[in-house]
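A.B. asks: coords_28.csv is reproduced below (CSV, C-alpha atoms).
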chain,number,residue,atom,x,y,z
A,122,LEU,CA,26.3,20.6,2.7
A,123,SER,CA,24.5,18.5,5.3
A,124,ARG,CA,21.7,18.9,7.8
A,125,GLU,CA,24.3,18.3,10.6
A,126,ALA,CA,26.6,21.1,9.3
A,127,LEU,CA,23.6,23.5,9.2
A,128,ALA,CA,22.6,22.5,12.7
A,129,GLU,CA,26.0,23.6,14.0
A,130,GLN,CA,25.2,27.1,12.7
A,131,VAL,CA,21.8,27.3,14.4
A,132,SER,CA,21.4,28.8,17.9
A,133,VAL,CA,18.4,28.5,20.1
A,134,SER,CA,17.5,30.8,23.0
A,135,PRO,CA,16.7,29.8,26.5
A,136,ASP,CA,13.1,31.0,26.0
A,137,GLU,CA,12.7,28.7,23.0
A,138,ILE,CA,14.0,25.8,25.0
A,139,LYS,CA,11.6,26.6,27.9
A,140,SER,CA,8.7,27.0,25.5
A,141,ALA,CA,9.4,23.6,23.9
A,142,TYR,CA,9.7,22.0,27.3
A,143,GLU,CA,6.3,23.3,28.4
A,144,LYS,CA,4.6,22.4,25.2
A,145,ASN,CA,5.9,18.8,25.3
A,146,ALA,CA,5.8,18.2,29.0
A,147,GLY,CA,4.6,14.6,28.5
A,148,LYS,CA,7.8,13.7,26.6
A,149,TYR,CA,9.9,14.3,29.7
A,150,VAL,CA,8.1,11.9,32.1
A,151,ALA,CA,10.3,8.8,32.8
A,152,GLN,CA,8.0,5.8,33.3
A,153,GLU,CA,8.1,3.8,36.5
A,154,GLU,CA,10.3,0.7,36.0
A,155,ARG,CA,10.0,-2.6,38.0
A,156,ARG,CA,12.4,-5.5,38.4
A,157,ALA,CA,11.0,-8.9,38.7
A,158,SER,CA,12.0,-12.5,38.9
A,159,HIS,CA,9.8,-15.4,37.8
A,160,ILE,CA,9.5,-19.2,37.7
A,161,LEU,CA,7.8,-20.5,34.5
A,162,ILE,CA,6.3,-23.8,33.8
A,163,GLN,CA,5.6,-23.9,30.1
A,164,SER,CA,2.1,-24.7,29.0
A,165,PRO,CA,0.7,-23.2,25.7
A,166,ALA,CA,-2.9,-22.3,25.7
A,167,ASP,CA,-3.6,-24.9,23.1
A,168,ALA,CA,-1.9,-27.8,25.0
A,169,PRO,CA,-4.1,-30.8,25.8
A,170,GLU,CA,-6.1,-30.4,29.0
A,171,ALA,CA,-4.1,-33.1,30.8
A,172,GLU,CA,-0.8,-31.4,30.1
A,173,GLN,CA,-2.2,-28.1,31.4
A,174,LYS,CA,-3.5,-29.7,34.6
A,175,ALA,CA,0.0,-31.3,35.1
A,176,ALA,CA,1.7,-28.0,34.6
A,177,ARG,CA,-0.7,-26.2,37.0
A,178,ALA,CA,-0.1,-28.9,39.6
A,179,ARG,CA,3.6,-28.4,39.3
A,180,ILE,CA,3.6,-24.6,39.6
A,181,ASP,CA,1.2,-24.9,42.6
A,182,ALA,CA,3.7,-27.1,44.3
A,183,ILE,CA,6.6,-24.7,43.5
A,184,LEU,CA,4.5,-21.8,44.9
A,185,LEU,CA,4.1,-23.6,48.2
A,186,GLN,CA,7.8,-24.0,48.4
A,187,VAL,CA,8.4,-20.3,47.7
A,188,LYS,CA,5.8,-19.3,50.3
A,189,LYS,CA,7.5,-21.6,52.8
A,190,ASN,CA,11.0,-20.2,52.1
A,191,PRO,CA,10.9,-16.9,50.1
A,192,ALA,CA,14.7,-16.6,50.3
A,193,ASP,CA,14.9,-19.7,48.1
A,194,PHE,CA,13.2,-18.1,45.1
A,195,ALA,CA,16.4,-17.9,43.0
A,196,LYS,CA,17.4,-21.4,43.9
A,197,LEU,CA,14.0,-22.8,42.9
A,198,ALA,CA,14.0,-20.8,39.7
A,199,LYS,CA,17.3,-22.4,38.7
A,200,GLU,CA,16.0,-25.8,39.5
A,201,HIS,CA,12.5,-25.6,38.0
A,202,SER,CA,11.9,-22.6,35.7
A,203,GLN,CA,11.5,-23.5,32.0
A,204,ASP,CA,12.4,-19.9,30.8
A,205,PRO,CA,15.7,-20.4,29.1
A,206,GLY,CA,16.5,-16.7,29.2
A,207,SER,CA,16.2,-16.2,33.0
A,208,ALA,CA,16.3,-19.6,34.8
A,209,GLN,CA,20.1,-19.6,35.3
A,210,LYS,CA,19.9,-16.0,36.6
A,211,GLY,CA,17.6,-17.1,39.4
A,212,GLY,CA,14.6,-16.0,37.3
A,213,ASP,CA,15.8,-12.4,37.1
A,214,LEU,CA,14.2,-10.4,34.3
A,215,GLY,CA,15.9,-7.0,35.0
A,216,PHE,CA,14.1,-3.7,35.0
A,217,PHE,CA,11.2,-3.0,32.6
A,218,SER,CA,8.4,-0.6,32.2
A,219,ARG,CA,4.8,-1.0,31.1
A,220,GLY,CA,4.4,-2.3,27.6
A,221,ALA,CA,7.5,-4.6,27.7
A,222,MET,CA,5.7,-7.8,28.8
A,223,VAL,CA,2.6,-9.7,27.9
A,224,LYS,CA,-0.5,-8.1,29.6
A,225,ALA,CA,-1.3,-10.8,32.2
A,226,PHE,CA,2.3,-10.9,33.4
A,227,GLU,CA,2.6,-7.1,33.4
A,228,ASP,CA,-0.6,-6.6,35.3
A,229,ALA,CA,0.6,-9.0,38.0
A,230,VAL,CA,4.0,-7.3,38.3
A,231,PHE,CA,2.5,-3.8,38.6
A,232,SER,CA,0.0,-4.9,41.2
A,233,LEU,CA,2.7,-6.3,43.6
A,234,LYS,CA,4.6,-4.5,46.4
A,235,ALA,CA,8.4,-4.7,46.7
A,236,ASN,CA,9.5,-8.3,47.6
A,237,GLN,CA,5.9,-9.6,47.3
A,238,VAL,CA,5.3,-12.9,45.6
A,239,SER,CA,2.3,-13.3,43.3
A,240,ASP,CA,-0.2,-16.1,43.1
A,241,VAL,CA,0.0,-18.3,40.0
A,242,VAL,CA,-0.3,-16.2,36.9
A,243,ARG,CA,-1.4,-17.6,33.5
A,244,SER,CA,0.0,-16.2,30.3
A,245,GLU,CA,0.3,-17.4,26.7
A,246,PHE,CA,3.7,-19.0,27.7
A,247,GLY,CA,2.4,-21.0,30.6
A,248,PHE,CA,2.2,-20.6,34.4
A,249,HIS,CA,4.3,-18.1,36.4
A,250,VAL,CA,5.2,-17.4,40.0
A,251,ILE,CA,6.5,-13.8,40.1
A,252,ARG,CA,8.5,-12.0,42.7
A,253,LEU,CA,8.8,-8.2,42.6
A,254,THR,CA,12.4,-7.4,43.6
A,255,ASP,CA,12.8,-3.6,43.0
A,256,ILE,CA,10.9,-0.4,41.9
A,257,LYS,CA,12.3,2.7,40.1
A,258,PRO,CA,9.5,5.3,40.6
A,259,GLY,CA,8.6,7.3,37.5
A,260,LYS,CA,9.7,10.9,37.6
A,261,VAL,CA,9.5,14.1,35.5
A,262,ARG,CA,12.8,15.3,34.0
A,263,SER,CA,13.4,18.9,35.0
A,264,LEU,CA,14.0,21.6,32.4
A,265,GLU,CA,17.7,21.6,33.3
A,266,GLU,CA,17.9,17.8,32.8
A,267,ALA,CA,16.2,18.1,29.4
A,268,ARG,CA,17.8,21.3,28.3
A,269,GLU,CA,20.6,19.8,26.2
A,270,SER,CA,18.4,17.3,24.4
A,271,ILE,CA,15.7,19.9,23.6
A,272,ALA,CA,18.4,22.2,22.2
A,273,VAL,CA,19.7,19.4,19.9
A,274,GLU,CA,16.1,18.6,18.7
A,275,LEU,CA,15.3,22.3,18.0
A,276,LYS,CA,18.5,22.8,16.1
A,277,SER,CA,17.8,19.6,14.1
A,278,GLN,CA,14.3,20.8,13.2
A,279,VAL,CA,15.6,24.2,12.0
A,280,ALA,CA,18.4,22.6,10.1
A,281,ALA,CA,16.0,20.2,8.3
A,282,ARG,CA,14.0,23.2,7.1
A,283,LYS,CA,17.2,25.1,6.2
A,284,PHE,CA,18.6,22.1,4.3
A,285,ALA,CA,15.4,21.8,2.2
A,286,GLU,CA,15.7,25.5,1.3
A,287,ALA,CA,19.5,25.4,0.8
A,288,ALA,CA,19.9,22.2,-1.3
A,289,GLU,CA,18.8,23.7,-4.6
A,290,ALA,CA,20.8,26.9,-4.0
A,291,PHE,CA,23.9,24.9,-3.2
A,292,SER,CA,23.5,22.8,-6.4
A,293,ASN,CA,23.0,25.9,-8.5
A,294,THR,CA,26.0,27.7,-7.0
A,295,VAL,CA,28.5,24.9,-7.6
A,296,TYR,CA,27.1,24.6,-11.2
A,297,GLU,CA,26.9,28.2,-12.1
A,298,GLN,CA,30.3,29.2,-10.6
A,299,ALA,CA,31.9,26.0,-11.8
A,300,ASP,CA,35.5,27.2,-11.6
A,301,SER,CA,35.7,27.3,-7.8
A,302,LEU,CA,34.1,25.9,-4.7
A,303,LYS,CA,34.8,29.0,-2.7
A,304,PRO,CA,31.5,30.9,-3.5
A,305,ALA,CA,29.4,27.9,-2.2
A,306,ALA,CA,31.6,27.5,0.8
A,307,GLU,CA,31.3,31.1,1.7
A,308,LYS,CA,27.6,31.3,1.1
A,309,PHE,CA,26.8,28.3,3.3
A,310,LYS,CA,29.7,28.8,5.8
A,311,LEU,CA,31.2,25.4,4.9
A,312,PRO,CA,34.8,24.3,5.1
A,313,ILE,CA,36.7,23.3,1.9
A,314,ARG,CA,38.5,20.1,2.5
A,315,GLN,CA,41.3,18.7,0.4
A,316,THR,CA,42.5,15.1,-0.3
A,317,GLY,CA,45.9,13.9,-1.3
A,318,PHE,CA,46.6,12.2,-4.7
A,319,PHE,CA,44.5,9.1,-5.6
A,320,ASP,CA,43.8,7.1,-8.7
A,321,GLN,CA,41.0,4.9,-9.8
A,322,ALA,CA,42.8,1.7,-8.6
A,323,ASN,CA,43.4,3.2,-5.1
A,324,ARG,CA,40.1,4.7,-4.0
A,325,ALA,CA,40.9,4.6,-0.3
A,326,ALA,CA,43.3,7.6,-0.8
A,327,ALA,CA,40.4,9.7,-1.8
A,328,GLY,CA,39.1,9.6,1.8
A,329,PRO,CA,35.4,10.5,2.1
A,330,LEU,CA,35.1,11.0,-1.7
A,331,ALA,CA,35.8,7.3,-2.3
A,332,GLY,CA,32.6,5.9,-0.7
A,333,ASN,CA,30.2,7.2,-3.4
A,334,ASP,CA,30.4,5.7,-6.9
A,335,LYS,CA,28.7,8.6,-8.6
A,336,LEU,CA,30.9,11.2,-7.0
A,337,PHE,CA,34.1,9.2,-7.5
A,338,SER,CA,33.3,8.7,-11.2
A,339,ALA,CA,32.5,12.4,-11.6
A,340,LEU,CA,36.0,13.3,-10.5
A,341,PHE,CA,37.4,11.3,-13.5
A,342,SER,CA,35.0,12.8,-16.1
A,343,ASP,CA,36.2,15.2,-18.8
A,344,ASP,CA,34.5,18.1,-17.1
A,345,ALA,CA,36.5,17.5,-14.0
A,346,LEU,CA,39.9,16.5,-15.5
A,347,LYS,CA,40.1,18.5,-18.7
A,348,HIS,CA,38.0,21.6,-17.9
A,349,LYS,CA,38.7,21.6,-14.1
A,350,ARG,CA,35.0,22.2,-13.4
A,351,ASN,CA,33.2,21.5,-10.1
A,352,THR,CA,31.3,18.2,-10.1
A,353,ASP,CA,27.5,18.5,-9.6
A,354,ALA,CA,26.2,18.5,-6.0
A,355,ILE,CA,25.8,14.8,-5.5
A,356,GLU,CA,23.8,13.2,-2.7
A,357,VAL,CA,26.2,10.9,-0.9
A,358,ALA,CA,23.9,10.1,2.1
A,359,PRO,CA,20.4,11.3,3.2
A,360,ASN,CA,20.4,15.1,3.7
A,361,THR,CA,24.1,15.3,2.6
A,362,LEU,CA,25.3,16.9,-0.7
A,363,VAL,CA,28.9,17.0,-1.8
A,364,ALA,CA,30.5,18.9,-4.7
A,365,ALA,CA,34.2,18.5,-5.5
A,366,ARG,CA,36.8,19.7,-8.0
A,367,VAL,CA,40.1,18.4,-9.3
A,368,LEU,CA,43.0,20.7,-8.3
A,369,GLU,CA,45.9,18.9,-9.9
A,370,LEU,CA,46.3,16.0,-12.2
A,371,HIS,CA,49.3,13.7,-12.7
A,372,PRO,CA,48.9,11.9,-16.1
A,373,ALA,CA,49.2,8.2,-16.3
A,374,GLN,CA,52.8,7.1,-16.8
A,375,LEU,CA,55.2,4.2,-16.6
A,376,ARG,CA,56.8,4.1,-13.2
A,377,GLY,CA,60.6,4.0,-13.3
A,378,PHE,CA,62.3,0.7,-12.6
A,379,GLU,CA,64.1,2.0,-9.5
A,380,SER,CA,60.8,3.0,-7.9
A,381,VAL,CA,59.2,-0.4,-8.3
A,382,LYS,CA,62.2,-2.7,-7.9
A,383,GLY,CA,61.3,-3.4,-4.3
A,384,GLU,CA,57.8,-4.4,-5.2
A,385,ILE,CA,59.0,-6.7,-8.0
Let me see the file written as structure tokens.
C.D. replies:
Amino acid sequence: LSREALAEQVSVSPDEIKSAYEKNAGKYVAQEERRASHILIQSPADAPEAEQKAARARIDAILLQVKKNPADFAKLAKEHSQDPGSAQKGGDLGFFSRGAMVKAFEDAVFSLKANQVSDVVRSEFGFHVIRLTDIKPGKVRSLEEARESIAVELKSQVAARKFAEAAEAFSNTVYEQADSLKPAAEKFKLPIRQTGFFDQANRAAAGPLAGNDKLFSALFSDDALKHKRNTDAIEVAPNTLVAARVLELHPAQLRGFESVKGEI
């Protein structure tokens, strides 16, 4: 029994999807993104005044070169920028939206027009010259574009409520009707899955039952082996309960010489 399994059983109507879209319109607005390149001369705010003046003089000289030959921006970034993440890419920072960069840098980027070069910008990292290279305008996702993701979210919300209600009933059913998993499977519309043979030394053969110590141990308890009772409903992952039962047992035995001769 899992939230995902219950979500597959949930259906949502077009009206429910439309209502959720209208109530949460703000969620479906894609922010404007901008692509920028920069040249950085590092100069922490607490650096000595002389160092800050030298860094400022250097960035001023670079800005003059950029203004003289804007097409050389990438080349100048590779030669002079002290940003290790972008220098060898010609200063390219890729696309980003508001909130991704420090405020002074962001404010400068979002005040520029396409292909415009900024004046010197001071940030906590140092002095920048920035070039805005591309703009992806913000847009509102239509109902049709958002329909699938809204349906998934609504199903997940319903399934979360259903799981909270069903977990106790599932646990009770596998305990009270301990001679079969069928009642719980039918009640909650769940498939019964079956493993091959496995032993305590070869857990992998138990498939998905092998990954949880508590469940695996329960399958070798007296209740499971001698009395053939269901295990308890055991939480193997968040919002996931598993109950299992032993169908058939091969007792421990000495393997015949012929069957192990090759291994020996």
A.B. asks: Skipping near chain neighbours, those fewer than 6 positions away, what residues fall within 7 Å of region 362-374 of chain A using all atoms listed in the file, listed as a PyMOL selection string?
C.D. replies: chain A and resi 122-123+295+340+345-346+349-356
A.B. asks: May I ask for the distance between CA of Lys303 (chain A) and CA of Gln130 (chain A), given in Å to one decimal place?
C.D. replies: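 That distance, rounded to one decimal, is 18.2 Å.
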A.B. asks: Which residues are close to region 239-254 of chain A, i.e. within 10 Å by all atoms listed in the file, leaving aside same-chain residues fewer than 3 positions away? Reply as a VMD selection string.
C.D. replies: chain A and resid 155 to 168 173 176 to 177 179 to 181 183 to 184 187 to 188 191 194 to 195 198 202 to 204 212 to 216 223 to 236
A.B. asks: Go ahead and save the residues from that selection, with C-alpha atoms, as a PDB file, in the frame of the given file.
C.D. replies:
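As a result, selection34.pdb now contains:
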ATOM      1  CA  ARG A 155      10.000  -2.600  38.000  1.00  0.00           C
ATOM      2  CA  ARG A 156      12.400  -5.500  38.400  1.00  0.00           C
ATOM      3  CA  ALA A 157      11.000  -8.900  38.700  1.00  0.00           C
ATOM      4  CA  SER A 158      12.000 -12.500  38.900  1.00  0.00           C
ATOM      5  CA  HIS A 159       9.800 -15.400  37.800  1.00  0.00           C
ATOM      6  CA  ILE A 160       9.500 -19.200  37.700  1.00  0.00           C
ATOM      7  CA  LEU A 161       7.800 -20.500  34.500  1.00  0.00           C
ATOM      8  CA  ILE A 162       6.300 -23.800  33.800  1.00  0.00           C
ATOM      9  CA  GLN A 163       5.600 -23.900  30.100  1.00  0.00           C
ATOM     10  CA  SER A 164       2.100 -24.700  29.000  1.00  0.00           C
ATOM     11  CA  PRO A 165       0.700 -23.200  25.700  1.00  0.00           C
ATOM     12  CA  ALA A 166      -2.900 -22.300  25.700  1.00  0.00           C
ATOM     13  CA  ASP A 167      -3.600 -24.900  23.100  1.00  0.00           C
ATOM     14  CA  ALA A 168      -1.900 -27.800  25.000  1.00  0.00           C
ATOM     15  CA  GLN A 173      -2.200 -28.100  31.400  1.00  0.00           C
ATOM     16  CA  ALA A 176       1.700 -28.000  34.600  1.00  0.00           C
ATOM     17  CA  ARG A 177      -0.700 -26.200  37.000  1.00  0.00           C
ATOM     18  CA  ARG A 179       3.600 -28.400  39.300  1.00  0.00           C
ATOM     19  CA  ILE A 180       3.600 -24.600  39.600  1.00  0.00           C
ATOM     20  CA  ASP A 181       1.200 -24.900  42.600  1.00  0.00           C
ATOM     21  CA  ILE A 183       6.600 -24.700  43.500  1.00  0.00           C
ATOM     22  CA  LEU A 184       4.500 -21.800  44.900  1.00  0.00           C
ATOM     23  CA  VAL A 187       8.400 -20.300  47.700  1.00  0.00           C
ATOM     24  CA  LYS A 188       5.800 -19.300  50.300  1.00  0.00           C
ATOM     25  CA  PRO A 191      10.900 -16.900  50.100  1.00  0.00           C
ATOM     26  CA  PHE A 194      13.200 -18.100  45.100  1.00  0.00           C
ATOM     27  CA  ALA A 195      16.400 -17.900  43.000  1.00  0.00           C
ATOM     28  CA  ALA A 198      14.000 -20.800  39.700  1.00  0.00           C
ATOM     29  CA  SER A 202      11.900 -22.600  35.700  1.00  0.00           C
ATOM     30  CA  GLN A 203      11.500 -23.500  32.000  1.00  0.00           C
ATOM     31  CA  ASP A 204      12.400 -19.900  30.800  1.00  0.00           C
ATOM     32  CA  GLY A 212      14.600 -16.000  37.300  1.00  0.00           C
ATOM     33  CA  ASP A 213      15.800 -12.400  37.100  1.00  0.00           C
ATOM     34  CA  LEU A 214      14.200 -10.400  34.300  1.00  0.00           C
ATOM     35  CA  GLY A 215      15.900  -7.000  35.000  1.00  0.00           C
ATOM     36  CA  PHE A 216      14.100  -3.700  35.000  1.00  0.00           C
ATOM     37  CA  VAL A 223       2.600  -9.700  27.900  1.00  0.00           C
ATOM     38  CA  LYS A 224      -0.500  -8.100  29.600  1.00  0.00           C
ATOM     39  CA  ALA A 225      -1.300 -10.800  32.200  1.00  0.00           C
ATOM     40  CA  PHE A 226       2.300 -10.900  33.400  1.00  0.00           C
ATOM     41  CA  GLU A 227       2.600  -7.100  33.400  1.00  0.00           C
ATOM     42  CA  ASP A 228      -0.600  -6.600  35.300  1.00  0.00           C
ATOM     43  CA  ALA A 229       0.600  -9.000  38.000  1.00  0.00           C
ATOM     44  CA  VAL A 230       4.000  -7.300  38.300  1.00  0.00           C
ATOM     45  CA  PHE A 231       2.500  -3.800  38.600  1.00  0.00           C
ATOM     46  CA  SER A 232       0.000  -4.900  41.200  1.00  0.00           C
ATOM     47  CA  LEU A 233       2.700  -6.300  43.600  1.00  0.00           C
ATOM     48  CA  LYS A 234       4.600  -4.500  46.400  1.00  0.00           C
ATOM     49  CA  ALA A 235       8.400  -4.700  46.700  1.00  0.00           C
ATOM     50  CA  ASN A 236       9.500  -8.300  47.600  1.00  0.00           C
TER      51      ASN A 236
END
A.B. asks: Could you name the residues that touch Phe319 (chain A) at 10 Å or less, counting all atoms listed in the file, but leaving out those on the same chain fewer than 5 positions away, as a list in words?
C.D. replies: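 The filter keeps Arg324, Ala325, Ala326, Ala327, Gly328, Ala331, Leu370 and His371 of chain A.
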A.B. asks: When distances are computed from all atoms listed in the file, which of A:Ala358, A:Gln298, A:Leu197, A:Glu154 shows the smallest separation from Gly220 (chain A)?
C.D. replies: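 Of all the options, A:Glu154 lies closest to Gly220 (chain A).
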A.B. asks: Select from region 224-293 of chain A every residue with an atom at most 10 Å from any atom of region 133-143 of chain A, then for each give the shortest pair of atoms and their distance in Å to one decimal, using all atoms listed in the file, rows by chain and rising number, as JSON lines.
C.D. replies:
{"residue": "A:Arg262", "atom": "CA", "partner": "A:Tyr142", "partner_atom": "CA", "distance": 10.0}
{"residue": "A:Ser263", "atom": "CA", "partner": "A:Tyr142", "partner_atom": "CA", "distance": 9.1}
{"residue": "A:Leu264", "atom": "CA", "partner": "A:Tyr142", "partner_atom": "CA", "distance": 6.7}
{"residue": "A:Glu265", "atom": "CA", "partner": "A:Lys139", "partner_atom": "CA", "distance": 9.6}
{"residue": "A:Ala267", "atom": "CA", "partner": "A:Tyr142", "partner_atom": "CA", "distance": 7.9}
{"residue": "A:Arg268", "atom": "CA", "partner": "A:Ile138", "partner_atom": "CA", "distance": 6.8}
{"residue": "A:Glu269", "atom": "CA", "partner": "A:Ile138", "partner_atom": "CA", "distance": 9.0}
{"residue": "A:Ser270", "atom": "CA", "partner": "A:Ile138", "partner_atom": "CA", "distance": 9.6}
{"residue": "A:Ile271", "atom": "CA", "partner": "A:Ile138", "partner_atom": "CA", "distance": 6.3}
{"residue": "A:Ala272", "atom": "CA", "partner": "A:Ile138", "partner_atom": "CA", "distance": 6.3}
{"residue": "A:Val273", "atom": "CA", "partner": "A:Val133", "partner_atom": "CA", "distance": 9.2}
{"residue": "A:Glu274", "atom": "CA", "partner": "A:Ile138", "partner_atom": "CA", "distance": 9.8}
{"residue": "A:Leu275", "atom": "CA", "partner": "A:Val133", "partner_atom": "CA", "distance": 7.2}
{"residue": "A:Lys276", "atom": "CA", "partner": "A:Val133", "partner_atom": "CA", "distance": 7.0}
{"residue": "A:Val279", "atom": "CA", "partner": "A:Val133", "partner_atom": "CA", "distance": 9.6}
A.B. asks: Might you pull out every residue within 9 Å of region 280-287 of chain A, with all atoms listed in the file counted and same-chain residues fewer than 4 positions away left off, and present them as a ChimeraX atom specification?
C.D. replies: /A:122-131,275-276,291-292,309,360-361
A.B. asks: Hey, can I get the axis-aligned box for region 229-233 of chain A? All listed atoms, 8 Å padding on each side, centre and edge lengths in Å to one decimal, as lines of an AutoDock Vina configuration file.
C.D. replies:
center_x = 2.0
center_y = -6.4
center_z = 40.8
size_x = 20.0
size_y = 21.2
size_z = 21.6
A.B. asks: Would you mind reading off the distance between CA of Asp334 (chain A) and CA of Pro359 (chain A), one decimal, in Å?
C.D. replies: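 According to the coordinates, CA of Asp334 (chain A) and CA of Pro359 (chain A) are separated by 15.3 Å.
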A.B. asks: What's the separation between CA of Gly332 (chain A) and CA of Thr316 (chain A), in Å to one decimal place?
C.D. replies: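 Result for CA of Gly332 (chain A) versus CA of Thr316 (chain A): 13.5 Å, one decimal.
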A.B. asks: So, with all atoms listed in the file as the atoms that count, which of A:Tyr149, A:Ala290, A:Val238, A:Ala192 lies closest to Pro304 (chain A)?
C.D. replies: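 For Pro304 (chain A), the nearest of the given residues is A:Ala290.
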A.B. asks: Starting from the incomplete input, reconstruct N, CA and C atoms of region 300-313 of chain A and report them as an mmCIF file, in the coordinates of the input.
C.D. replies:
data_model
loop_
_atom_site.group_PDB
_atom_site.id
_atom_site.type_symbol
_atom_site.label_atom_id
_atom_site.label_comp_id
_atom_site.auth_asym_id
_atom_site.auth_seq_id
_atom_site.Cartn_x
_atom_site.Cartn_y
_atom_site.Cartn_z
ATOM 1 N N ASP A 300 34.065 27.185 -11.651
ATOM 2 C CA ASP A 300 35.500 27.200 -11.600
ATOM 3 C C ASP A 300 36.074 27.308 -10.187
ATOM 4 N N SER A 301 35.193 27.242 -9.190
ATOM 5 C CA SER A 301 35.700 27.300 -7.800
ATOM 6 C C SER A 301 34.572 26.839 -6.847
ATOM 7 N N LEU A 302 35.017 26.250 -5.738
ATOM 8 C CA LEU A 302 34.100 25.900 -4.700
ATOM 9 C C LEU A 302 33.900 26.976 -3.649
ATOM 10 N N LYS A 303 34.735 27.989 -3.753
ATOM 11 C CA LYS A 303 34.800 29.000 -2.700
ATOM 12 C C LYS A 303 33.416 29.766 -2.595
ATOM 13 N N PRO A 304 32.743 30.161 -3.685
ATOM 14 C CA PRO A 304 31.500 30.900 -3.500
ATOM 15 C C PRO A 304 30.439 30.067 -2.712
ATOM 16 N N ALA A 305 30.337 28.757 -2.999
ATOM 17 C CA ALA A 305 29.400 27.900 -2.200
ATOM 18 C C ALA A 305 29.808 27.782 -0.798
ATOM 19 N N ALA A 306 31.119 27.617 -0.578
ATOM 20 C CA ALA A 306 31.600 27.500 0.800
ATOM 21 C C ALA A 306 31.326 28.715 1.617
ATOM 22 N N GLU A 307 31.555 29.889 1.016
ATOM 23 C CA GLU A 307 31.300 31.100 1.700
ATOM 24 C C GLU A 307 29.823 31.384 1.964
ATOM 25 N N LYS A 308 29.024 31.075 0.962
ATOM 26 C CA LYS A 308 27.600 31.300 1.100
ATOM 27 C C LYS A 308 26.942 30.489 2.159
ATOM 28 N N PHE A 309 27.402 29.238 2.295
ATOM 29 C CA PHE A 309 26.800 28.300 3.300
ATOM 30 C C PHE A 309 27.651 28.080 4.493
ATOM 31 N N LYS A 310 28.746 28.860 4.625
ATOM 32 C CA LYS A 310 29.700 28.800 5.800
ATOM 33 C C LYS A 310 30.165 27.357 5.994
ATOM 34 N N LEU A 311 30.690 26.774 4.914
ATOM 35 C CA LEU A 311 31.200 25.400 4.900
ATOM 36 C C LEU A 311 32.677 25.368 4.704
ATOM 37 N N PRO A 312 33.406 24.450 5.345
ATOM 38 C CA PRO A 312 34.800 24.300 5.100
ATOM 39 C C PRO A 312 35.114 23.644 3.760
ATOM 40 N N ILE A 313 36.204 24.039 3.104
ATOM 41 C CA ILE A 313 36.700 23.300 1.900
ATOM 42 C C ILE A 313 37.740 22.341 2.383
#
